[in-house]
Every structure is written in C-alpha cells, then in structure tokens.
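Structure data (TSV, C-alpha atoms) from run.tsv:
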```
chain	number	residue	atom	x	y	z
A	219	GLN	CA	13.61	14.86	2.89
A	220	LYS	CA	10.59	12.57	2.96
A	221	GLU	CA	10.07	10.64	-0.27
A	222	VAL	CA	6.32	11.19	-0.51
A	223	GLU	CA	4.66	13.97	1.46
A	224	GLN	CA	1.04	14.63	2.19
A	225	ASN	CA	-0.76	16.95	4.55
A	226	SER	CA	-2.06	14.72	7.32
A	227	GLY	CA	-5.30	16.69	7.74
A	228	PRO	CA	-7.98	16.26	8.75
A	229	LEU	CA	-9.47	17.93	5.71
A	230	SER	CA	-13.03	18.74	6.61
A	231	VAL	CA	-15.46	19.35	3.72
A	232	PRO	CA	-19.23	19.73	3.66
A	233	GLU	CA	-21.27	17.14	1.82
A	234	GLY	CA	-21.51	17.99	-1.87
A	235	ALA	CA	-18.36	20.11	-1.90
A	236	ILE	CA	-15.03	19.43	-3.61
A	237	ALA	CA	-12.19	17.90	-1.60
A	238	SER	CA	-8.71	18.74	-2.87
A	239	LEU	CA	-5.76	16.59	-1.80
A	240	ASN	CA	-2.11	17.18	-2.60
A	241	CYS	CA	1.00	15.06	-2.69
A	242	THR	CA	4.63	15.83	-3.51
A	243	TYR	CA	7.40	13.35	-4.18
A	244	SER	CA	11.15	13.66	-4.15
A	245	ASP	CA	12.37	11.04	-6.64
A	246	ARG	CA	12.32	12.53	-10.13
A	247	VAL	CA	12.47	9.12	-11.81
A	248	SER	CA	9.14	8.07	-10.31
A	249	GLN	CA	6.98	6.80	-13.13
A	250	SER	CA	3.61	5.78	-11.80
A	251	PHE	CA	1.36	7.48	-9.31
A	252	PHE	CA	-1.56	6.09	-7.39
A	253	TRP	CA	-4.25	7.24	-5.02
A	254	TYR	CA	-5.54	4.69	-2.56
A	255	ARG	CA	-8.37	5.08	-0.08
A	256	GLN	CA	-8.02	3.46	3.33
A	257	TYR	CA	-10.80	3.13	5.85
A	258	SER	CA	-9.76	2.68	9.46
A	259	GLY	CA	-8.48	-0.84	10.06
A	260	LYS	CA	-8.82	-1.81	6.41
A	261	SER	CA	-6.41	-2.29	3.53
A	262	PRO	CA	-5.61	0.31	0.84
A	263	GLU	CA	-8.16	0.33	-1.99
A	264	LEU	CA	-7.13	1.75	-5.35
A	265	ILE	CA	-9.02	4.82	-6.54
A	266	MET	CA	-6.92	6.17	-9.38
A	267	SER	CA	-3.68	5.62	-11.21
A	268	ILE	CA	-1.97	8.24	-13.37
A	269	TYR	CA	1.16	7.90	-15.46
A	270	SER	CA	1.46	11.02	-17.62
A	271	ASN	CA	1.21	14.76	-17.05
A	272	GLY	CA	-2.25	16.26	-17.02
A	273	ASP	CA	-5.63	15.29	-15.70
A	274	LYS	CA	-7.35	11.94	-15.50
A	275	GLU	CA	-11.00	11.69	-14.56
A	276	ASP	CA	-12.91	8.68	-13.25
A	277	GLY	CA	-16.40	9.38	-12.02
A	278	ARG	CA	-16.25	11.86	-9.16
A	279	PHE	CA	-12.47	11.61	-8.93
A	280	THR	CA	-9.88	13.56	-10.90
A	281	ALA	CA	-6.15	13.00	-10.56
A	282	GLN	CA	-3.68	15.63	-11.74
A	283	LEU	CA	0.02	15.04	-12.34
A	284	ASN	CA	2.78	17.57	-12.85
A	285	LYS	CA	6.12	15.79	-13.12
A	286	ALA	CA	8.10	19.01	-13.51
A	287	SER	CA	6.83	20.18	-10.12
A	288	GLN	CA	6.85	16.64	-8.70
A	289	TYR	CA	3.27	17.06	-7.65
A	290	VAL	CA	0.17	14.92	-7.87
A	291	SER	CA	-3.28	15.81	-6.63
A	292	LEU	CA	-6.72	14.28	-6.23
A	293	LEU	CA	-10.02	16.08	-6.47
A	294	ILE	CA	-13.18	14.50	-5.10
A	295	ARG	CA	-16.30	16.16	-6.48
A	296	ASP	CA	-19.72	16.01	-4.81
A	297	SER	CA	-18.13	14.63	-1.62
A	298	GLN	CA	-20.23	12.09	0.24
A	299	PRO	CA	-20.03	11.00	3.90
A	300	SER	CA	-18.85	7.61	2.61
A	301	ASP	CA	-15.77	9.37	1.20
A	302	SER	CA	-14.60	9.97	4.78
A	303	ALA	CA	-11.35	8.01	4.92
A	304	THR	CA	-7.60	8.42	4.71
A	305	TYR	CA	-6.30	8.96	1.18
A	306	LEU	CA	-2.86	7.58	0.45
A	307	CYS	CA	-0.61	8.83	-2.32
A	308	ALA	CA	1.83	6.23	-3.64
A	309	VAL	CA	4.58	6.41	-6.23
A	310	ASN	CA	6.81	3.84	-7.85
A	311	LYS	CA	9.59	3.24	-10.27
A	312	VAL	CA	8.99	0.34	-12.57
A	313	GLU	CA	12.05	-1.85	-12.44
A	314	ALA	CA	12.88	-5.41	-13.29
A	315	ALA	CA	12.78	-6.12	-9.57
A	316	GLY	CA	9.14	-5.16	-9.45
A	317	ASN	CA	6.82	-2.38	-8.65
A	318	LYS	CA	7.70	-1.27	-5.11
A	319	LEU	CA	5.30	1.39	-3.89
A	320	THR	CA	6.40	4.24	-1.66
A	321	PHE	CA	3.51	5.70	0.30
A	322	GLY	CA	2.89	9.06	1.83
A	323	GLY	CA	1.50	9.31	5.32
A	324	GLY	CA	-2.02	9.93	4.04
A	325	THR	CA	-4.55	12.74	4.30
A	326	ARG	CA	-7.57	12.15	6.50
A	327	VAL	CA	-10.76	13.46	4.92
A	328	LEU	CA	-13.95	14.11	6.89
A	329	VAL	CA	-17.12	14.78	4.91
A	330	LYS	CA	-19.75	16.39	7.09
A	331	PRO	CA	-23.44	15.89	6.22
B	157	GLU	CA	-13.79	-10.38	-9.50
B	158	PRO	CA	-10.73	-12.17	-8.08
B	159	GLU	CA	-9.33	-10.88	-4.80
B	160	VAL	CA	-6.22	-11.27	-2.73
B	161	THR	CA	-6.98	-13.19	0.46
B	162	GLN	CA	-5.01	-13.29	3.70
B	163	THR	CA	-5.15	-15.49	6.78
B	164	PRO	CA	-5.46	-15.14	9.67
B	165	SER	CA	-7.20	-11.80	9.98
B	166	HIS	CA	-5.77	-11.36	13.47
B	167	GLN	CA	-2.81	-13.14	15.06
B	168	VAL	CA	-1.83	-12.73	18.68
B	169	THR	CA	1.54	-14.12	19.73
B	170	GLN	CA	4.06	-13.95	22.52
B	171	MET	CA	7.35	-12.14	22.02
B	172	GLY	CA	9.99	-14.53	20.69
B	173	GLN	CA	7.52	-16.84	18.98
B	174	GLU	CA	7.46	-17.58	15.27
B	175	VAL	CA	4.50	-16.52	13.16
B	176	ILE	CA	3.54	-17.31	9.58
B	177	LEU	CA	1.22	-14.99	7.72
B	178	ARG	CA	-0.47	-16.41	4.65
B	179	CYS	CA	-1.68	-14.86	1.43
B	180	VAL	CA	-3.33	-16.21	-1.69
B	181	PRO	CA	-2.59	-13.75	-4.51
B	182	ILE	CA	-4.70	-13.30	-7.63
B	183	SER	CA	-3.83	-16.14	-9.97
B	184	ASN	CA	-2.55	-14.13	-12.94
B	185	HIS	CA	-0.29	-11.91	-10.86
B	186	LEU	CA	3.46	-12.32	-11.26
B	187	TYR	CA	4.94	-10.04	-8.62
B	188	PHE	CA	4.08	-10.35	-4.96
B	189	TYR	CA	4.74	-8.01	-2.09
B	190	TRP	CA	4.49	-7.65	1.64
B	191	TYR	CA	3.92	-4.30	3.28
B	192	ARG	CA	3.34	-3.41	6.88
B	193	GLN	CA	1.59	-0.55	8.61
B	194	ILE	CA	2.25	0.20	12.26
B	195	LEU	CA	-0.80	1.78	13.88
B	196	GLY	CA	-1.03	5.45	12.95
B	197	GLN	CA	1.94	5.28	10.58
B	198	LYS	CA	2.43	5.00	6.85
B	199	VAL	CA	2.34	1.85	4.78
B	200	GLU	CA	5.93	0.56	4.42
B	201	PHE	CA	7.36	-1.78	1.82
B	202	LEU	CA	8.96	-4.95	3.18
B	203	VAL	CA	9.78	-7.22	0.25
B	204	SER	CA	8.97	-8.06	-3.35
B	205	PHE	CA	9.03	-11.57	-4.78
B	206	TYR	CA	9.23	-12.60	-8.41
B	207	ASN	CA	9.98	-15.85	-10.16
B	208	ASN	CA	10.30	-17.66	-6.84
B	209	GLU	CA	12.91	-15.40	-5.38
B	210	ILE	CA	13.21	-12.12	-3.51
B	211	SER	CA	13.68	-9.30	-6.00
B	212	GLU	CA	13.96	-6.43	-3.54
B	213	LYS	CA	13.79	-5.97	0.22
B	214	SER	CA	13.78	-3.02	2.57
B	215	GLU	CA	15.95	-2.35	5.60
B	216	ILE	CA	13.06	-3.55	7.76
B	217	PHE	CA	13.24	-7.00	6.19
B	218	ASP	CA	16.12	-8.37	8.27
B	219	ASP	CA	17.19	-11.94	8.98
B	220	GLN	CA	14.12	-12.50	11.18
B	221	PHE	CA	11.89	-12.29	8.11
B	222	SER	CA	11.52	-14.75	5.26
B	223	VAL	CA	9.09	-15.29	2.40
B	224	GLU	CA	8.24	-18.22	0.24
B	225	ARG	CA	5.71	-19.42	-2.27
B	226	PRO	CA	5.67	-23.12	-1.41
B	227	ASP	CA	2.99	-24.41	-3.76
B	228	GLY	CA	2.46	-21.89	-6.55
B	229	SER	CA	-0.59	-20.36	-4.91
B	230	ASN	CA	0.14	-19.45	-1.29
B	231	PHE	CA	2.62	-16.69	-0.48
B	232	THR	CA	3.85	-16.61	3.10
B	233	LEU	CA	5.71	-14.23	5.38
B	234	LYS	CA	7.49	-15.77	8.34
B	235	ILE	CA	8.80	-13.85	11.31
B	236	ARG	CA	11.15	-16.16	13.21
B	237	SER	CA	11.30	-14.48	16.61
B	238	THR	CA	8.72	-11.77	17.01
B	239	LYS	CA	9.43	-8.52	18.81
B	240	LEU	CA	7.00	-6.06	20.32
B	241	GLU	CA	7.76	-3.64	17.50
B	242	ASP	CA	6.58	-6.18	14.92
B	243	SER	CA	3.01	-5.44	15.99
B	244	ALA	CA	1.37	-4.01	12.88
B	245	MET	CA	-1.00	-4.69	10.01
B	246	TYR	CA	0.67	-6.79	7.35
B	247	PHE	CA	-0.64	-6.48	3.80
B	248	CYS	CA	0.04	-8.80	0.92
B	249	ALA	CA	-0.21	-7.34	-2.59
B	250	GLY	CA	0.33	-8.43	-6.16
B	251	ASP	CA	0.45	-7.22	-9.71
B	252	ARG	CA	1.27	-8.38	-13.22
B	253	GLY	CA	4.27	-6.06	-13.45
B	254	ALA	CA	4.24	-2.34	-14.33
B	255	ASP	CA	0.61	-1.91	-13.39
B	256	THR	CA	-1.75	-1.57	-10.50
B	257	GLN	CA	-1.06	-3.34	-7.26
B	258	TYR	CA	-3.97	-4.93	-5.45
B	259	PHE	CA	-3.90	-5.39	-1.70
B	260	GLY	CA	-5.29	-8.12	0.48
B	261	PRO	CA	-7.39	-7.31	3.55
B	262	GLY	CA	-4.41	-7.60	5.88
B	263	THR	CA	-3.41	-9.53	8.99
B	264	ARG	CA	-3.30	-7.68	12.27
B	265	LEU	CA	-0.31	-9.01	14.23
B	266	THR	CA	-0.24	-8.31	17.94
B	267	VAL	CA	2.94	-9.26	19.83
B	268	LEU	CA	2.59	-9.40	23.61
```

What's the structure tokens form of this structure?
Amino acid sequence: QKEVEQNSGPLSVPEGAIASLNCTYSDRVSQSFFWYRQYSGKSPELIMSIYSNGDKEDGRFTAQLNKASQYVSLLIRDSQPSDSATYLCAVNKVEAAGNKLTFGGGTRVLVKP
Amino acid sequence: EPEVTQTPSHQVTQMGQEVILRCVPISNHLYFYWYRQILGQKVEFLVSFYNNEISEKSEIFDDQFSVERPDGSNFTLKIRSTKLEDSAMYFCAGDRGADTQYFGPGTRLTVL
C-alpha cells in the first residue's frame, strides 16, 4: 500500500471554478499535513499546512483534514490559469530525528481560461 | 524574505564521476534535508541532518552518498560515483523542527 496517494489527474477546471484535490495516507501516526504546489521544473512551494481535524482557510485555498478517515483535501476557489500546476500532498511524523516528509505523486491541475 | 539557495542549477557529469551539490539553508533553520525527484516521479526523501550528523536516511541513501555541513552555512550532498539512475532533480530543504519545510530551487543532475 502506497504511503500517500493522490489521483494523478489531470484535473481540468474552467477559470473561476472550484478545484477539489484529494489525498489519503496510510500511516495513522502522521501528525502534520502539507500541500505544496510545483510548477514544471521547479521546486515544491508551500501552499498550506494543517495539523488538526477540520478546515483551514488561507485566501482562495482551503485545506480539510479528517484523521479518522486518513484523508486530507485541498479546495482552490476562483481557479486562475496561474493555478495550473502539480499539487503535492505531503505528510510527516514529527520525531527527534527531524521532520521527514513523505510525498504523494501529485495531482496535475489544468485551469482553462 | 530569506530563501534556501542551491548551486549549481544544472550539473552534467559522466557516469562514475563524483559530484557535489551545494545548498545554503535559511540561517535560523536547524534541520536540513535532501530530497530527489526523478523526472515524472514523486519527491523522495534522501537524508535528514541535525546537529552536524545524519539523523535519518532512506534506502536510497547508500554508501555512494554523503552529506556534510563544513562551515556552518553550506550544506552539501556528495555522490561519489554517479550512475545513470542518479539523474534527477535534487532539492535541499530546511526547517526549525516540527514546522514547515522550505525547499531550495533544486539542482538538475544529468549523468551521461
């Protein structure tokens, strides 16, 4: 079983619509959850972090976490062409050794004008 | 706003050669990491480094790999004898512990 799973996409959404991305994880002791955006050939760029069950909103982005279902999602409201990228879900367990992130394979989002 | 920097942006090398990838983490970070991403694949953890020693490493991080922080600012990844399958983007990252990790722009390594 993969540790962090995402639908690879592409997820095609019209400009102005809501993009909904999902991620499931297998390790129940995961503590922190992150969404990164990655443009082609570039490094991951943090969008959102979420640590407790429920919703967290930041501008046009809302992250949702359900630890019982081992599920985290990202909503992008009012999608813009500049949101076209691959969105990476990452989880970690905070340990004395550090903060190793385990990434999903990413969901490619295409926002069509 | 401080940023993680990495050099070179692109490194081309012959199979069997040694390469050193360099990173300058954000100054108040305590934990440092290397990840790699083979083209079209997921980002994979290689190694974490804390208090001047390796704190965790993955199965990928075999004896051909080493890391060091020689001068308190630079953080390097050395690959002793490169293989074709080492071709990838290598990302350096850092954090203060138990919080957000920030990534550098990456080094594209091409092994011929």

Please put the answer as lines of an AutoDock Vina configuration file: centre and edge lengths, in Å with one decimal, of a box along x, y and z that encloses all listed atoms of segment 293-311 of chain A plus 4 Å on each side.
```
center_x = -5.3
center_y = 9.7
center_z = -2.7
size_x = 37.8
size_y = 20.9
size_z = 23.2
```

Set out as a Markdown table a contact list for chain B and chain A with a cut-off of 12 Å, giving each residue of chain B that qualifies its closest atom pair and distance in Å to one decimal, counting all atoms listed in the file, ordered by chain and rising residue number.
```
| residue | atom | partner | partner_atom | distance |
| --- | --- | --- | --- | --- |
| B:Glu159 | CA | A:Glu263 | CA | 11.6 |
| B:Val160 | CA | A:Ser261 | CA | 10.9 |
| B:Thr161 | CA | A:Ser261 | CA | 11.3 |
| B:Gln162 | CA | A:Ser261 | CA | 11.1 |
| B:Ser165 | CA | A:Lys260 | CA | 10.7 |
| B:His166 | CA | A:Gly259 | CA | 11.4 |
| B:His185 | CA | A:Gly316 | CA | 11.7 |
| B:Leu186 | CA | A:Gly316 | CA | 9.3 |
| B:Tyr187 | CA | A:Gly316 | CA | 6.5 |
| B:Phe188 | CA | A:Gly316 | CA | 8.5 |
| B:Tyr189 | CA | A:Lys318 | CA | 8.0 |
| B:Trp190 | CA | A:Lys318 | CA | 9.8 |
| B:Tyr191 | CA | A:Leu319 | CA | 9.3 |
| B:Arg192 | CA | A:Ser261 | CA | 10.4 |
| B:Gln193 | CA | A:Ser261 | CA | 9.6 |
| B:Ile194 | CA | A:Gly259 | CA | 11.0 |
| B:Leu195 | CA | A:Gly259 | CA | 9.0 |
| B:Gly196 | CA | A:Gly323 | CA | 8.9 |
| B:Gln197 | CA | A:Gly323 | CA | 6.6 |
| B:Lys198 | CA | A:Gly323 | CA | 4.7 |
| B:Val199 | CA | A:Phe321 | CA | 6.0 |
| B:Glu200 | CA | A:Phe321 | CA | 7.0 |
| B:Phe201 | CA | A:Leu319 | CA | 6.8 |
| B:Leu202 | CA | A:Lys318 | CA | 9.2 |
| B:Val203 | CA | A:Lys318 | CA | 8.3 |
| B:Ser204 | CA | A:Gly316 | CA | 6.8 |
| B:Phe205 | CA | A:Gly316 | CA | 7.9 |
| B:Tyr206 | CA | A:Ala315 | CA | 7.5 |
| B:Asn207 | CA | A:Ala315 | CA | 10.1 |
| B:Glu209 | CA | A:Ala315 | CA | 10.2 |
| B:Ile210 | CA | A:Ala315 | CA | 8.5 |
| B:Ser211 | CA | A:Ala315 | CA | 4.9 |
| B:Glu212 | CA | A:Ala315 | CA | 6.2 |
| B:Lys213 | CA | A:Lys318 | CA | 9.4 |
| B:Ser214 | CA | A:Lys318 | CA | 10.0 |
| B:Ala244 | CA | A:Gly259 | CA | 10.7 |
| B:Met245 | CA | A:Gly259 | CA | 8.4 |
| B:Tyr246 | CA | A:Ser261 | CA | 9.2 |
| B:Phe247 | CA | A:Ser261 | CA | 7.1 |
| B:Cys248 | CA | A:Ser261 | CA | 9.5 |
| B:Ala249 | CA | A:Pro262 | CA | 10.0 |
| B:Gly250 | CA | A:Asn317 | CA | 9.2 |
| B:Asp251 | CA | A:Asn317 | CA | 8.1 |
| B:Arg252 | CA | A:Gly316 | CA | 9.3 |
| B:Gly253 | CA | A:Gly316 | CA | 6.4 |
| B:Ala254 | CA | A:Val312 | CA | 5.7 |
| B:Asp255 | CA | A:Asn317 | CA | 7.8 |
| B:Thr256 | CA | A:Ser267 | CA | 7.5 |
| B:Gln257 | CA | A:Asn317 | CA | 8.1 |
| B:Tyr258 | CA | A:Leu264 | CA | 7.4 |
| B:Phe259 | CA | A:Pro262 | CA | 6.5 |
| B:Gly260 | CA | A:Ser261 | CA | 6.7 |
| B:Pro261 | CA | A:Ser261 | CA | 5.1 |
| B:Gly262 | CA | A:Ser261 | CA | 6.1 |
| B:Thr263 | CA | A:Ser261 | CA | 9.6 |
| B:Arg264 | CA | A:Gly259 | CA | 8.9 |
```

Expressed in Å to a single decimal, how great is the separation between atom CA of Leu265 of chain B and atom CA of Arg225 of chain B?
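Answer for the atom CA of Leu265 of chain B to atom CA of Arg225 of chain B separation: 20.4 Å.
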
Residue with smallest distance to Asn284 of chain A - pool A:Gly227, A:Asp301, A:Val329, A:Asn271, counting all atoms listed in the file
A:Asn271

Val222 of chain A proximity check over A:Ser297, A:Ser244, A:Ser270, A:Ser287, using all atoms listed in the file: winner is A:Ser244
